[in-house]
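Data file: target.txt. Format and content: compact mmCIF, C-alpha atoms.
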# COMPACT_ATOMS: atom_id res chain seq x y z
CA MET A 6 -11.27 -22.65 -22.71
CA SER A 7 -9.25 -25.51 -21.16
CA ASN A 8 -6.36 -23.23 -20.15
CA ILE A 9 -8.57 -20.72 -18.29
CA VAL A 10 -8.22 -21.13 -14.51
CA LEU A 11 -10.21 -18.09 -13.33
CA ARG A 12 -13.29 -16.44 -14.77
CA VAL A 13 -15.16 -13.54 -13.19
CA GLU A 14 -18.52 -12.52 -14.67
CA ASP A 15 -20.54 -9.42 -13.73
CA LEU A 16 -19.11 -9.47 -10.21
CA GLY A 17 -20.49 -6.99 -7.70
CA LYS A 18 -20.14 -6.40 -3.96
CA LYS A 19 -22.48 -4.08 -2.07
CA TYR A 20 -22.10 -2.80 1.48
CA LEU A 21 -24.66 -0.92 3.58
CA ILE A 22 -23.11 2.07 5.33
CA SER A 23 -24.89 3.44 8.38
CA HIS A 24 -24.89 7.16 9.00
CA GLN A 25 -25.43 8.62 12.45
CA GLN A 26 -25.50 12.26 13.49
CA PRO A 27 -22.52 13.09 15.74
CA ASN A 28 -23.35 13.84 19.39
CA SER A 29 -22.08 17.17 20.59
CA THR A 30 -22.69 16.57 24.31
CA LEU A 31 -22.39 13.69 26.76
CA ARG A 32 -26.16 13.85 27.39
CA GLU A 33 -26.87 13.38 23.68
CA ALA A 34 -24.42 10.48 23.47
CA ILE A 35 -26.09 8.70 26.42
CA ALA A 36 -29.57 9.34 24.99
CA SER A 37 -28.49 8.02 21.61
CA THR A 38 -27.13 4.83 23.20
CA VAL A 39 -30.38 4.26 25.13
CA GLN A 40 -32.44 4.78 21.97
CA SER A 41 -30.30 2.31 20.02
CA VAL A 42 -30.76 -0.34 22.75
CA LYS A 43 -34.53 0.23 22.71
CA HIS A 44 -34.59 -0.09 18.95
CA LYS A 45 -32.63 -3.34 19.09
CA PHE A 46 -35.32 -5.03 21.21
CA SER A 47 -38.36 -3.52 19.46
CA ASN A 48 -39.97 -3.89 16.06
CA THR A 49 -40.35 -0.18 15.41
CA ASN A 50 -38.30 1.68 12.81
CA ALA A 51 -38.25 4.88 14.81
CA ASN A 52 -34.85 6.46 15.35
CA SER A 53 -33.31 4.00 12.89
CA LEU A 54 -30.00 4.96 11.32
CA SER A 55 -29.98 6.11 7.73
CA LYS A 56 -28.27 3.60 5.46
CA GLU A 57 -26.46 4.17 2.18
CA GLU A 58 -25.65 1.56 -0.43
CA PHE A 59 -21.99 1.44 -1.44
CA TRP A 60 -20.88 -0.75 -4.31
CA ALA A 61 -17.21 -1.60 -3.76
CA LEU A 62 -17.26 -3.57 -7.03
CA LYS A 63 -19.64 -3.13 -9.97
CA SER A 64 -19.98 -5.40 -13.00
CA VAL A 65 -16.39 -6.70 -12.92
CA SER A 66 -15.58 -9.30 -15.58
CA PHE A 67 -12.27 -10.81 -16.73
CA GLU A 68 -10.52 -14.12 -17.36
CA VAL A 69 -7.10 -15.40 -16.32
CA LYS A 70 -5.25 -18.19 -18.11
CA GLN A 71 -2.98 -20.79 -16.59
CA GLY A 72 0.53 -19.40 -16.11
CA ASP A 73 -0.59 -15.74 -16.25
CA VAL A 74 0.77 -13.31 -13.70
CA LEU A 75 -1.98 -10.72 -13.38
CA GLY A 76 -1.18 -7.36 -11.79
CA ILE A 77 -4.20 -5.65 -10.23
CA VAL A 78 -3.64 -1.92 -9.81
CA GLY A 79 -5.72 1.07 -8.82
CA ARG A 80 -5.94 3.88 -6.35
CA ASN A 81 -7.06 3.56 -2.72
CA GLY A 82 -10.74 2.66 -2.68
CA ALA A 83 -10.73 1.28 -6.23
CA GLY A 84 -11.83 -2.16 -5.00
CA LYS A 85 -8.58 -4.14 -5.17
CA SER A 86 -8.76 -5.65 -1.67
CA THR A 87 -12.47 -6.39 -2.02
CA LEU A 88 -11.81 -8.26 -5.26
CA LEU A 89 -9.08 -10.38 -3.67
CA LYS A 90 -11.32 -11.23 -0.69
CA LEU A 91 -14.05 -12.40 -3.07
CA LEU A 92 -11.62 -14.50 -5.10
CA SER A 93 -10.21 -15.97 -1.87
CA ARG A 94 -13.74 -16.87 -0.66
CA ILE A 95 -13.31 -14.73 2.44
CA THR A 96 -16.54 -12.90 1.63
CA GLU A 97 -19.42 -13.61 -0.75
CA PRO A 98 -20.33 -11.46 -3.77
CA THR A 99 -23.62 -9.59 -3.89
CA LYS A 100 -24.01 -10.49 -7.55
CA GLY A 101 -22.11 -12.23 -10.32
CA GLU A 102 -20.12 -15.43 -10.53
CA ILE A 103 -16.56 -16.59 -9.84
CA TRP A 104 -15.24 -19.76 -11.47
CA LEU A 105 -11.93 -21.14 -10.21
CA LYS A 106 -10.00 -24.19 -11.34
CA GLY A 107 -7.58 -25.70 -8.84
CA ARG A 108 -6.36 -24.88 -5.33
CA VAL A 109 -6.10 -21.25 -4.26
CA ALA A 110 -3.65 -19.89 -1.67
CA SER A 111 -4.03 -16.29 -0.52
CA LEU A 112 -1.77 -13.87 1.29
CA LEU A 113 -3.80 -10.78 2.12
CA GLU A 114 -3.52 -8.45 5.12
CA VAL A 115 -1.40 -9.42 8.12
CA GLY A 116 -3.50 -11.38 10.59
CA THR A 117 -5.50 -13.52 8.18
CA GLY A 118 -4.89 -17.12 7.24
CA PHE A 119 -3.35 -18.38 10.50
CA HIS A 120 -4.92 -19.48 13.79
CA GLN A 121 -3.42 -17.12 16.36
CA GLU A 122 -3.28 -19.69 19.19
CA LEU A 123 -1.46 -22.31 17.12
CA THR A 124 2.29 -22.46 16.61
CA GLY A 125 4.04 -21.79 13.35
CA ARG A 126 4.54 -25.54 12.87
CA GLU A 127 0.84 -26.27 13.48
CA ASN A 128 -0.28 -23.50 11.14
CA ILE A 129 1.83 -24.89 8.31
CA PHE A 130 0.01 -28.22 8.57
CA LEU A 131 -3.37 -26.50 9.05
CA ASN A 132 -2.96 -24.39 5.91
CA GLY A 133 -1.81 -27.37 3.89
CA SER A 134 -4.85 -29.35 5.03
CA ILE A 135 -7.17 -26.50 4.05
CA LEU A 136 -5.58 -26.58 0.58
CA GLY A 137 -6.42 -30.29 0.38
CA MET A 138 -2.88 -31.62 0.80
CA SER A 139 -2.08 -34.81 2.64
CA ARG A 140 0.18 -34.79 5.71
CA ALA A 141 2.88 -36.54 3.68
CA GLU A 142 2.74 -33.82 1.00
CA ILE A 143 3.03 -31.07 3.61
CA LYS A 144 5.96 -32.81 5.32
CA SER A 145 7.80 -33.02 2.01
CA LYS A 146 7.64 -29.21 1.76
CA PHE A 147 8.06 -28.46 5.47
CA ASP A 148 11.82 -27.90 5.63
CA GLU A 149 11.74 -25.74 2.51
CA ILE A 150 8.99 -23.56 4.00
CA VAL A 151 10.81 -23.08 7.31
CA SER A 152 14.12 -22.30 5.60
CA PHE A 153 12.50 -19.72 3.31
CA ALA A 154 10.62 -18.02 6.18
CA GLU A 155 13.71 -17.89 8.45
CA VAL A 156 11.67 -18.59 11.60
CA GLU A 157 13.34 -21.81 12.80
CA LYS A 158 13.81 -20.52 16.38
CA PHE A 159 10.13 -19.60 16.70
CA LEU A 160 8.58 -22.57 14.94
CA ASP A 161 6.94 -23.89 18.12
CA THR A 162 5.81 -20.46 19.34
CA PRO A 163 2.15 -19.39 18.86
CA VAL A 164 1.99 -17.00 15.92
CA LYS A 165 0.16 -14.40 18.00
CA TYR A 166 3.58 -13.58 19.45
CA TYR A 167 5.20 -13.13 16.03
CA SER A 168 6.19 -9.70 14.78
CA SER A 169 4.43 -8.53 11.62
CA GLY A 170 7.58 -9.28 9.62
CA MET A 171 7.87 -12.85 10.96
CA TYR A 172 4.19 -13.43 10.33
CA VAL A 173 4.40 -12.30 6.73
CA ARG A 174 7.54 -14.34 6.07
CA LEU A 175 5.90 -17.54 7.25
CA ALA A 176 2.55 -16.78 5.61
CA PHE A 177 4.19 -16.14 2.24
CA ALA A 178 6.40 -19.23 2.53
CA VAL A 179 3.36 -21.41 3.22
CA ALA A 180 1.29 -19.87 0.42
CA ALA A 181 4.07 -20.11 -2.18
CA HIS A 182 5.50 -23.54 -1.34
CA LEU A 183 2.36 -25.64 -0.92
CA GLU A 184 1.94 -25.58 -4.70
CA PRO A 185 -1.49 -24.03 -5.22
CA GLU A 186 -2.66 -23.66 -8.81
CA ILE A 187 -3.53 -20.01 -8.09
CA LEU A 188 -1.53 -17.76 -5.74
CA ILE A 189 -3.14 -14.49 -4.62
CA VAL A 190 -0.83 -11.90 -3.04
CA ASP A 191 -1.78 -8.44 -1.74
CA GLU A 192 0.62 -5.58 -0.99
CA VAL A 193 1.21 -7.16 2.44
CA LEU A 194 4.78 -7.96 1.32
CA ALA A 195 5.61 -4.30 1.99
CA VAL A 196 5.69 -5.22 5.70
CA GLY A 197 8.83 -7.29 5.22
CA ASP A 198 12.36 -5.97 4.84
CA VAL A 199 13.82 -5.15 1.42
CA GLN A 200 15.83 -8.38 1.15
CA PHE A 201 12.78 -10.49 1.94
CA GLN A 202 10.70 -8.57 -0.60
CA LYS A 203 13.30 -9.43 -3.26
CA LYS A 204 13.23 -13.03 -2.09
CA CYS A 205 9.43 -13.14 -2.42
CA LEU A 206 9.46 -11.60 -5.88
CA GLY A 207 12.05 -14.15 -6.95
CA LYS A 208 9.89 -16.97 -5.61
CA MET A 209 6.82 -15.63 -7.42
CA GLY A 210 8.87 -15.59 -10.61
CA ASP A 211 9.74 -19.25 -10.00
CA VAL A 212 6.06 -20.07 -9.38
CA ALA A 213 5.09 -18.39 -12.65
CA ARG A 214 7.75 -20.29 -14.60
CA GLU A 215 6.32 -23.53 -13.21
CA GLY A 216 3.08 -22.69 -15.03
CA ARG A 217 1.06 -21.68 -12.00
CA THR A 218 -1.07 -18.54 -11.89
CA ILE A 219 -0.49 -15.44 -9.73
CA LEU A 220 -2.77 -12.51 -8.94
CA PHE A 221 -0.69 -9.68 -7.51
CA VAL A 222 -1.77 -6.32 -6.08
CA SER A 223 0.95 -3.68 -5.83
CA HIS A 224 1.50 0.07 -5.93
CA SER A 225 4.98 -0.44 -7.35
CA MET A 226 4.51 -0.03 -11.09
CA SER A 227 8.05 -1.19 -11.83
CA THR A 228 7.34 -4.47 -10.00
CA VAL A 229 4.07 -4.94 -11.87
CA GLU A 230 5.82 -4.38 -15.20
CA SER A 231 8.71 -6.72 -14.43
CA LEU A 232 6.69 -9.54 -12.80
CA CYS A 233 3.32 -9.48 -14.58
CA ASN A 234 2.40 -10.22 -18.18
CA ARG A 235 -1.20 -9.02 -17.81
CA GLY A 236 -2.85 -6.22 -15.88
CA VAL A 237 -6.25 -5.02 -14.70
CA LEU A 238 -6.83 -1.39 -13.77
CA LEU A 239 -9.67 -0.81 -11.30
CA GLU A 240 -11.39 2.56 -10.95
CA SER A 241 -14.25 3.14 -8.52
CA GLY A 242 -15.05 -0.56 -8.41
CA THR A 243 -15.08 -1.16 -12.17
CA VAL A 244 -12.55 -2.51 -14.67
CA SER A 245 -11.17 0.49 -16.51
CA LEU A 246 -8.61 -1.48 -18.54
CA ASN A 247 -7.74 -5.15 -19.04
CA SER A 248 -4.59 -5.41 -21.12
CA SER A 249 -0.85 -6.00 -21.00
CA SER A 250 0.95 -4.93 -17.84
CA GLU A 251 2.76 -2.18 -19.78
CA GLU A 252 -0.51 -0.67 -21.07
CA VAL A 253 -2.16 -0.88 -17.64
CA VAL A 254 0.81 0.77 -15.90
CA ARG A 255 0.89 3.55 -18.48
CA ALA A 256 -2.83 4.24 -18.03
CA TYR A 257 -2.55 4.17 -14.23
CA LEU A 258 0.29 6.68 -14.18
CA GLU A 259 -1.45 9.03 -16.61
CA LYS A 260 -4.56 9.01 -14.44
CA ALA A 261 -2.50 9.43 -11.26
CA TYR A 262 -0.84 12.59 -12.57
CA GLY A 263 -4.19 13.87 -13.83
CA THR A 264 -5.99 13.37 -10.52
CA ALA A 265 -3.29 15.18 -8.55
CA LYS A 266 -3.50 18.11 -10.98
CA GLU A 267 -7.26 18.45 -11.38
CA LEU A 268 -8.82 17.88 -7.95
CA PRO A 269 -8.01 19.94 -4.81
CA LEU A 270 -6.86 17.87 -1.83
CA SER A 271 -9.80 19.05 0.27
CA GLN A 272 -12.16 17.40 -2.23
CA ARG A 273 -10.30 14.11 -2.64
CA ARG A 274 -12.29 11.02 -1.60
CA ASP A 275 -9.67 8.39 -2.47
CA ARG A 276 -8.05 8.61 0.94
CA SER A 277 -7.91 6.46 4.07
CA GLY A 278 -7.52 7.12 7.79
CA SER A 279 -9.67 8.09 10.75
CA GLY A 280 -10.26 11.62 9.44
CA ARG A 281 -9.50 13.31 12.74
CA ILE A 282 -6.88 15.23 10.77
CA ARG A 283 -7.33 15.92 7.07
CA VAL A 284 -4.74 17.22 4.62
CA SER A 285 -6.21 20.21 2.78
CA SER A 286 -3.35 21.50 0.60
CA PHE A 287 0.24 20.99 -0.52
CA LYS A 288 2.61 23.78 -1.56
CA LEU A 289 6.22 24.15 -2.68
CA LEU A 290 7.93 27.16 -1.06
CA ASN A 291 11.37 28.68 -1.64
CA GLU A 292 13.63 29.95 1.16
CA GLN A 293 11.75 33.25 1.22
CA GLY A 294 8.42 31.48 1.76
CA GLU A 295 7.19 32.22 -1.75
CA GLU A 296 5.27 29.52 -3.62
CA GLU A 297 7.10 27.89 -6.51
CA PRO A 298 5.52 26.02 -9.45
CA ALA A 299 8.54 23.70 -9.80
CA LEU A 300 11.80 22.81 -8.05
CA GLN A 301 15.43 23.03 -9.12
CA SER A 302 18.15 20.59 -8.13
CA GLY A 303 20.53 21.97 -5.51
CA LYS A 304 18.27 24.65 -4.01
CA ASN A 305 16.61 24.77 -0.59
CA TYR A 306 12.85 24.35 -0.26
CA TYR A 307 9.94 23.92 2.12
CA PHE A 308 7.15 21.42 1.56
CA ALA A 309 4.05 23.00 3.15
CA ILE A 310 1.26 20.57 4.06
CA GLY A 311 -1.99 22.32 4.95
CA TYR A 312 -4.29 20.52 7.38
CA SER A 313 -7.61 20.86 9.20
CA ASN A 314 -7.99 19.46 12.71
CA ASN A 315 -11.44 17.97 13.30
CA THR A 316 -10.86 17.07 16.96
CA GLY A 317 -11.30 20.60 18.28
CA GLU A 318 -8.18 20.21 20.42
CA PRO A 319 -4.42 20.46 19.77
CA LEU A 320 -3.06 17.05 18.79
CA LYS A 321 0.40 16.01 19.99
CA ASN A 322 2.79 13.35 18.72
CA VAL A 323 1.76 13.52 15.07
CA VAL A 324 4.00 11.65 12.62
CA VAL A 325 4.20 12.84 9.02
CA CYS A 326 5.53 10.96 5.98
CA LEU A 327 6.14 12.49 2.58
CA ASP A 328 7.04 10.11 -0.26
CA LEU A 329 8.30 11.15 -3.68
CA MET A 330 7.68 8.55 -6.41
CA ASP A 331 9.21 8.59 -9.88
CA GLU A 332 7.37 8.10 -13.17
CA ARG A 333 7.40 4.29 -12.71
CA GLY A 334 5.95 4.41 -9.21
CA VAL A 335 9.29 3.72 -7.50
CA ARG A 336 9.79 5.54 -4.19
CA VAL A 337 12.92 7.67 -4.55
CA ILE A 338 12.62 9.74 -1.36
CA LEU A 339 10.91 9.02 1.95
CA LEU A 340 10.82 11.91 4.40
CA LYS A 341 9.49 11.03 7.87
CA SER A 342 9.34 13.31 10.87
CA THR A 343 10.48 10.63 13.33
CA PHE A 344 13.67 9.99 11.35
CA THR A 345 15.00 13.22 12.84
CA ASN A 346 13.17 12.88 16.20
CA HIS A 347 10.74 15.69 15.45
CA SER A 348 7.64 15.59 17.64
CA LEU A 349 4.86 17.59 15.98
CA THR A 350 1.84 19.18 17.67
CA LEU A 351 -1.00 20.38 15.42
CA ASN A 352 -3.18 23.42 16.13
CA ARG A 353 -6.75 22.94 17.34
CA ASP A 354 -8.27 24.10 14.03
CA ARG A 355 -5.98 24.40 10.99
CA GLY A 356 -2.44 25.19 10.00
CA TYR A 357 0.60 24.04 8.02
CA ILE A 358 3.25 21.38 8.55
CA LEU A 359 6.59 22.53 7.14
CA CYS A 360 9.27 20.15 5.94
CA SER A 361 12.52 21.84 4.89
CA VAL A 362 14.95 20.15 2.50
CA GLU A 363 18.38 21.58 1.76
CA ASN A 364 20.29 21.08 -1.48
CA PHE A 365 17.41 19.25 -3.18
CA PRO A 366 19.02 16.16 -4.77
CA LEU A 367 16.64 14.88 -7.47
CA VAL A 368 17.36 15.22 -11.18
CA GLN A 369 15.04 16.80 -13.72
CA GLY A 370 11.74 14.95 -14.09
CA MET A 371 8.18 14.52 -12.84
CA TYR A 372 7.47 13.04 -9.41
CA ARG A 373 4.32 12.13 -7.49
CA VAL A 374 3.76 12.83 -3.78
CA THR A 375 2.13 10.50 -1.26
CA LEU A 376 1.19 12.03 2.10
CA HIS A 377 0.68 10.07 5.32
CA LEU A 378 -0.27 11.47 8.74
CA ALA A 379 -0.45 9.27 11.83
CA HIS A 380 -0.93 9.71 15.56
CA ALA A 381 1.94 8.22 17.58
CA ASP A 382 2.78 6.06 14.53
CA ARG A 383 -0.26 3.90 15.32
CA GLU A 384 -3.54 5.52 14.26
CA VAL A 385 -3.60 6.54 10.59
CA LEU A 386 -5.12 10.01 10.47
CA ASP A 387 -4.98 10.64 6.73
CA HIS A 388 -3.31 8.89 3.79
CA ILE A 389 -3.44 10.17 0.20
CA GLU A 390 -1.60 8.64 -2.71
CA ASP A 391 -0.81 10.89 -5.69
CA ALA A 392 -1.58 13.91 -3.53
CA ALA A 393 0.41 16.24 -5.78
CA ASN A 394 2.77 16.34 -8.74
CA VAL A 395 6.24 17.81 -8.34
CA SER A 396 8.20 18.96 -11.37
CA VAL A 397 11.98 19.32 -11.12
CA ASP A 398 13.26 21.62 -13.86
CA GLY A 399 17.02 21.40 -14.01
CA GLY A 400 19.15 23.34 -11.56
CA ASP A 401 22.85 23.70 -10.80
CA PHE A 402 23.33 21.10 -8.05
CA PHE A 403 27.10 20.76 -8.58
CA GLY A 404 27.75 24.48 -9.08
CA THR A 405 29.37 23.66 -12.43
CA GLY A 406 26.36 23.90 -14.71
CA ASN A 407 26.34 20.11 -15.23
CA PRO A 408 22.79 18.69 -14.68
CA GLY A 409 23.88 15.06 -14.29
CA ILE A 410 22.31 12.41 -16.52
CA PRO A 411 18.55 12.31 -15.76
CA ASN A 412 17.99 9.27 -17.96
CA LEU A 413 20.45 7.16 -15.95
CA CYS A 414 20.00 8.26 -12.35
CA LYS A 415 17.56 10.01 -10.05
CA PHE A 416 19.89 11.28 -7.34
CA LEU A 417 22.66 13.87 -7.47
CA VAL A 418 25.52 13.47 -4.98
CA LYS A 419 28.60 15.66 -4.71
CA ALA A 420 31.94 13.86 -4.64
CA ASP A 421 35.59 14.91 -4.68
CA TRP A 422 37.90 13.26 -7.19
CA SER A 423 41.69 12.86 -7.06
CA THR A 424 44.49 10.45 -7.95
CA THR A 425 47.16 8.78 -5.85
CA SER A 426 49.88 6.18 -6.27
CA ALA A 427 49.42 2.57 -5.24
CA ASN A 428 52.03 2.93 -2.47
CA SER A 429 50.37 5.93 -0.87
CA LEU A 430 46.79 4.52 -1.00
CA SER A 431 47.17 2.91 2.43
CA ASN A 432 48.15 6.29 3.86
CA THR A 433 45.07 8.05 2.49
CA GLN A 434 43.15 9.70 5.28
CA SER A 435 39.67 8.41 5.98
CA ILE A 436 36.81 10.58 4.77

For this file, produce the structure as structure tokens.
Amino acid sequence: MSNIVLRVEDLGKKYLISHQQPNSTLREAIASTVQSVKHKFSNTNANSLSKEEFWALKSVSFEVKQGDVLGIVGRNGAGKSTLLKLLSRITEPTKGEIWLKGRVASLLEVGTGFHQELTGRENIFLNGSILGMSRAEIKSKFDEIVSFAEVEKFLDTPVKYYSSGMYVRLAFAVAAHLEPEILIVDEVLAVGDVQFQKKCLGKMGDVAREGRTILFVSHSMSTVESLCNRGVLLESGTVSLNSSSEEVVRAYLEKAYGTAKELPLSQRRDRSGSGRIRVSSFKLLNEQGEEEPALQSGKNYYFAIGYSNNTGEPLKNVVVCLDLMDERGVRVILLKSTFTNHSLTLNRDRGYILCSVENFPLVQGMYRVTLHLAHADREVLDHIEDAANVSVDGGDFFGTGNPGIPNLCKFLVKADWSTTSANSLSNTQSI
């Protein structure tokens, strides 16, 4: 028992969700507002909103030993973020117990953990003080934190003026370098650039080798497998599997493929966004507009995303992202409408968004699709992970009958090959 640093027993978190009938006219909206004000200052229950109990976590129990790196995985709405907030003492559980041994540093969503009016320098000392460190201890780590975060020029600027990337860099540097016994990290690292993500993963590896404990939430299964020795799979607020990271990743991927296959998009509840636009279907079409069950490398296709518009009006400036993930959860293709300066306007009721791809470059294999719709790249309208499965069955990408080597690479790229002498290399024309 002495090497256990975290124990969760029968943990549960309940929220009360209020439901209110939508107002179809301005008169109804005004009347509803007046009634709600009356109700606020009276003791009557008339016109009260209906409330529904929602358990974000139910009977969650597990233990974490010192030096473990625990990967917490699950679909949107599984309860990952709620669990981390409970463990970080940001919110209180409805039931159950949490036992922690040692100092805990958390890096959750951007915007938490720092005082917005204070400078980067002041927030470093504030966070260290909250962790129970003396000023001398914080000063001994100060230069290392600033160097890692790469924010020297903005150290005396209030963090409310930081970009999201700068904020995350400093927040991670503080959390990782002030030597907490337990480090809790959410998927917030995705905000940073690729090089900084690698830097953070390397630092977390160093923290783990020092014998400290890490709880890590990620949608990258390859990262979970490489960084974590243990894993917890959450499903609908409960622990579905508590095992090695390899077993947890395998179970997650099997369920991800199964969900995309079994449940129509219109019925999916594991989605986020405002709901003003909802994805209703996803189809693979050939050049003739005929639906295809699978793709072939080297051919031209359309991805057809069906949608329903719940605003009742045409919606301009819609941004669409389509991600293709491989069997380990690694993003291999990201298609985004703004990459090619396409400004999309959706019909007032329903329709399709078409994304055409020429000379499809992926090798044979199974891929998962994540769909993301946003308004002006600010408001998330709809986001669905594992929205569909895409099978790539061979194909003649090179026009030679050679399929490439699917076990060694994911992409197919045409190249010309030739030889030349050493003397004439400098005269070779640029491509």

Please indicate the distance in Å from CA of Glu127 (chain A) to CA of Pro163 (chain A), rounded to one decimal place. 8.8 Å

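Across the structure, CA of Lys419 (chain A) and CA of Leu289 (chain A) are spaced 24.0 Å apart.
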
In Å, rounded to a single decimal, give me how far CA of Leu290 (chain A) is from CA of Arg276 (chain A). 24.6 Å

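Counting only C-alpha atoms, the residue from A:Arg383, A:Lys415, A:Lys165, A:His377 that sits nearest to Asp331 (chain A) is A:Lys415.
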
Spatial neighbours of region 139-151 of chain A, 7 Å, all atoms listed in the file, chain gap at least 3 places, as a PyMOL selection string: chain A and resi 130+133-134+154-157+178-179+182-183

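Compared by their closest atoms to Leu62 (chain A), and using all atoms listed in the file, the residues A:Glu14, A:Glu296, A:Glu390, A:Glu215 rank with A:Glu14 nearest.
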
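Checking A:Gly84, A:Val109, A:Thr343, A:Ser285 one by one against Gln272 (chain A), counting all atoms listed in the file, you find the shortest gap at A:Ser285.
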
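The residue that comes closest to Gly400 (chain A), out of A:Val374, A:Ile282, A:Leu349, A:Ala299 and on the basis of all atoms listed in the file, is A:Ala299.
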
Report as number ranges by chain all protein, DNA and RNA residues lying within 7 Å of Ser249 (chain A), evaluated on only C-alpha atoms, omitting residues in the same chain fewer than 4 positions from it. A: 234-236, 253

Top pick for closest residue to Leu351 (chain A), considering A:Asn428, A:Ser286, A:Ser313, A:Asn364 and counting only C-alpha atoms: A:Ser313

Ref. answer, residues at most 12 Å from (13.2, 28.6, -0.9) with all atoms listed in the file, as a ChimeraX atom specification: /A:288-309,360-365

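Residues within 7 Å of Cys233 (chain A), counting all atoms listed in the file and excluding same-chain residues fewer than 3 positions away, are Val74, Leu75, Gly76, Val229, Glu230 and Ser250 of chain A.
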
Extract, using only C-alpha atoms, all DNA, RNA and protein residues at most 10 Å from Val237 (chain A), discarding same-chain residues fewer than 3 positions from it, and format them as a ChimeraX atom specification. /A:67,75-79,85,222,240,243-250,252-254,257

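Compared by their closest atoms to Leu238 (chain A), and using all atoms listed in the file, the residues A:Val13, A:Ala427, A:Ile103, A:Val65 rank with A:Val65 nearest.
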
Since the input is missing atoms for region 68-82 of chain A, could you rebuild it with N, CA and C atoms and give the result as a short mmCIF file (atom, residue, chain, number, x, y, z; two decimals), in the coordinates of the input?
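Saved result, selection-v8.cif, follows:
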data_model
loop_
_atom_site.label_atom_id
_atom_site.label_comp_id
_atom_site.auth_asym_id
_atom_site.auth_seq_id
_atom_site.Cartn_x
_atom_site.Cartn_y
_atom_site.Cartn_z
N GLU A 68 -10.98 -12.74 -17.40
CA GLU A 68 -10.52 -14.12 -17.36
C GLU A 68 -9.01 -14.15 -17.17
N VAL A 69 -8.53 -15.21 -16.53
CA VAL A 69 -7.10 -15.40 -16.32
C VAL A 69 -6.73 -16.80 -16.79
N LYS A 70 -5.69 -16.90 -17.59
CA LYS A 70 -5.25 -18.19 -18.11
C LYS A 70 -4.17 -18.80 -17.22
N GLN A 71 -4.00 -20.09 -17.34
CA GLN A 71 -2.98 -20.79 -16.59
C GLN A 71 -1.60 -20.22 -16.94
N GLY A 72 -0.81 -19.94 -15.90
CA GLY A 72 0.53 -19.40 -16.11
C GLY A 72 0.58 -17.88 -16.20
N ASP A 73 -0.58 -17.21 -16.24
CA ASP A 73 -0.59 -15.74 -16.25
C ASP A 73 -0.16 -15.20 -14.89
N VAL A 74 0.52 -14.08 -14.92
CA VAL A 74 0.77 -13.31 -13.70
C VAL A 74 0.04 -11.99 -13.89
N LEU A 75 -1.08 -11.85 -13.19
CA LEU A 75 -1.98 -10.72 -13.38
C LEU A 75 -1.72 -9.66 -12.31
N GLY A 76 -1.34 -8.47 -12.71
CA GLY A 76 -1.18 -7.36 -11.79
C GLY A 76 -2.49 -6.59 -11.68
N ILE A 77 -2.96 -6.40 -10.47
CA ILE A 77 -4.20 -5.65 -10.23
C ILE A 77 -3.81 -4.33 -9.58
N VAL A 78 -4.06 -3.23 -10.29
CA VAL A 78 -3.64 -1.92 -9.81
C VAL A 78 -4.83 -0.98 -9.74
N GLY A 79 -4.66 0.08 -8.99
CA GLY A 79 -5.72 1.07 -8.82
C GLY A 79 -5.45 1.89 -7.58
N ARG A 80 -6.12 2.99 -7.47
CA ARG A 80 -5.94 3.88 -6.35
C ARG A 80 -6.61 3.32 -5.10
N ASN A 81 -6.37 3.94 -3.95
CA ASN A 81 -7.06 3.56 -2.72
C ASN A 81 -8.57 3.67 -2.93
N GLY A 82 -9.30 2.64 -2.52
CA GLY A 82 -10.74 2.66 -2.68
C GLY A 82 -11.23 2.18 -4.03
#
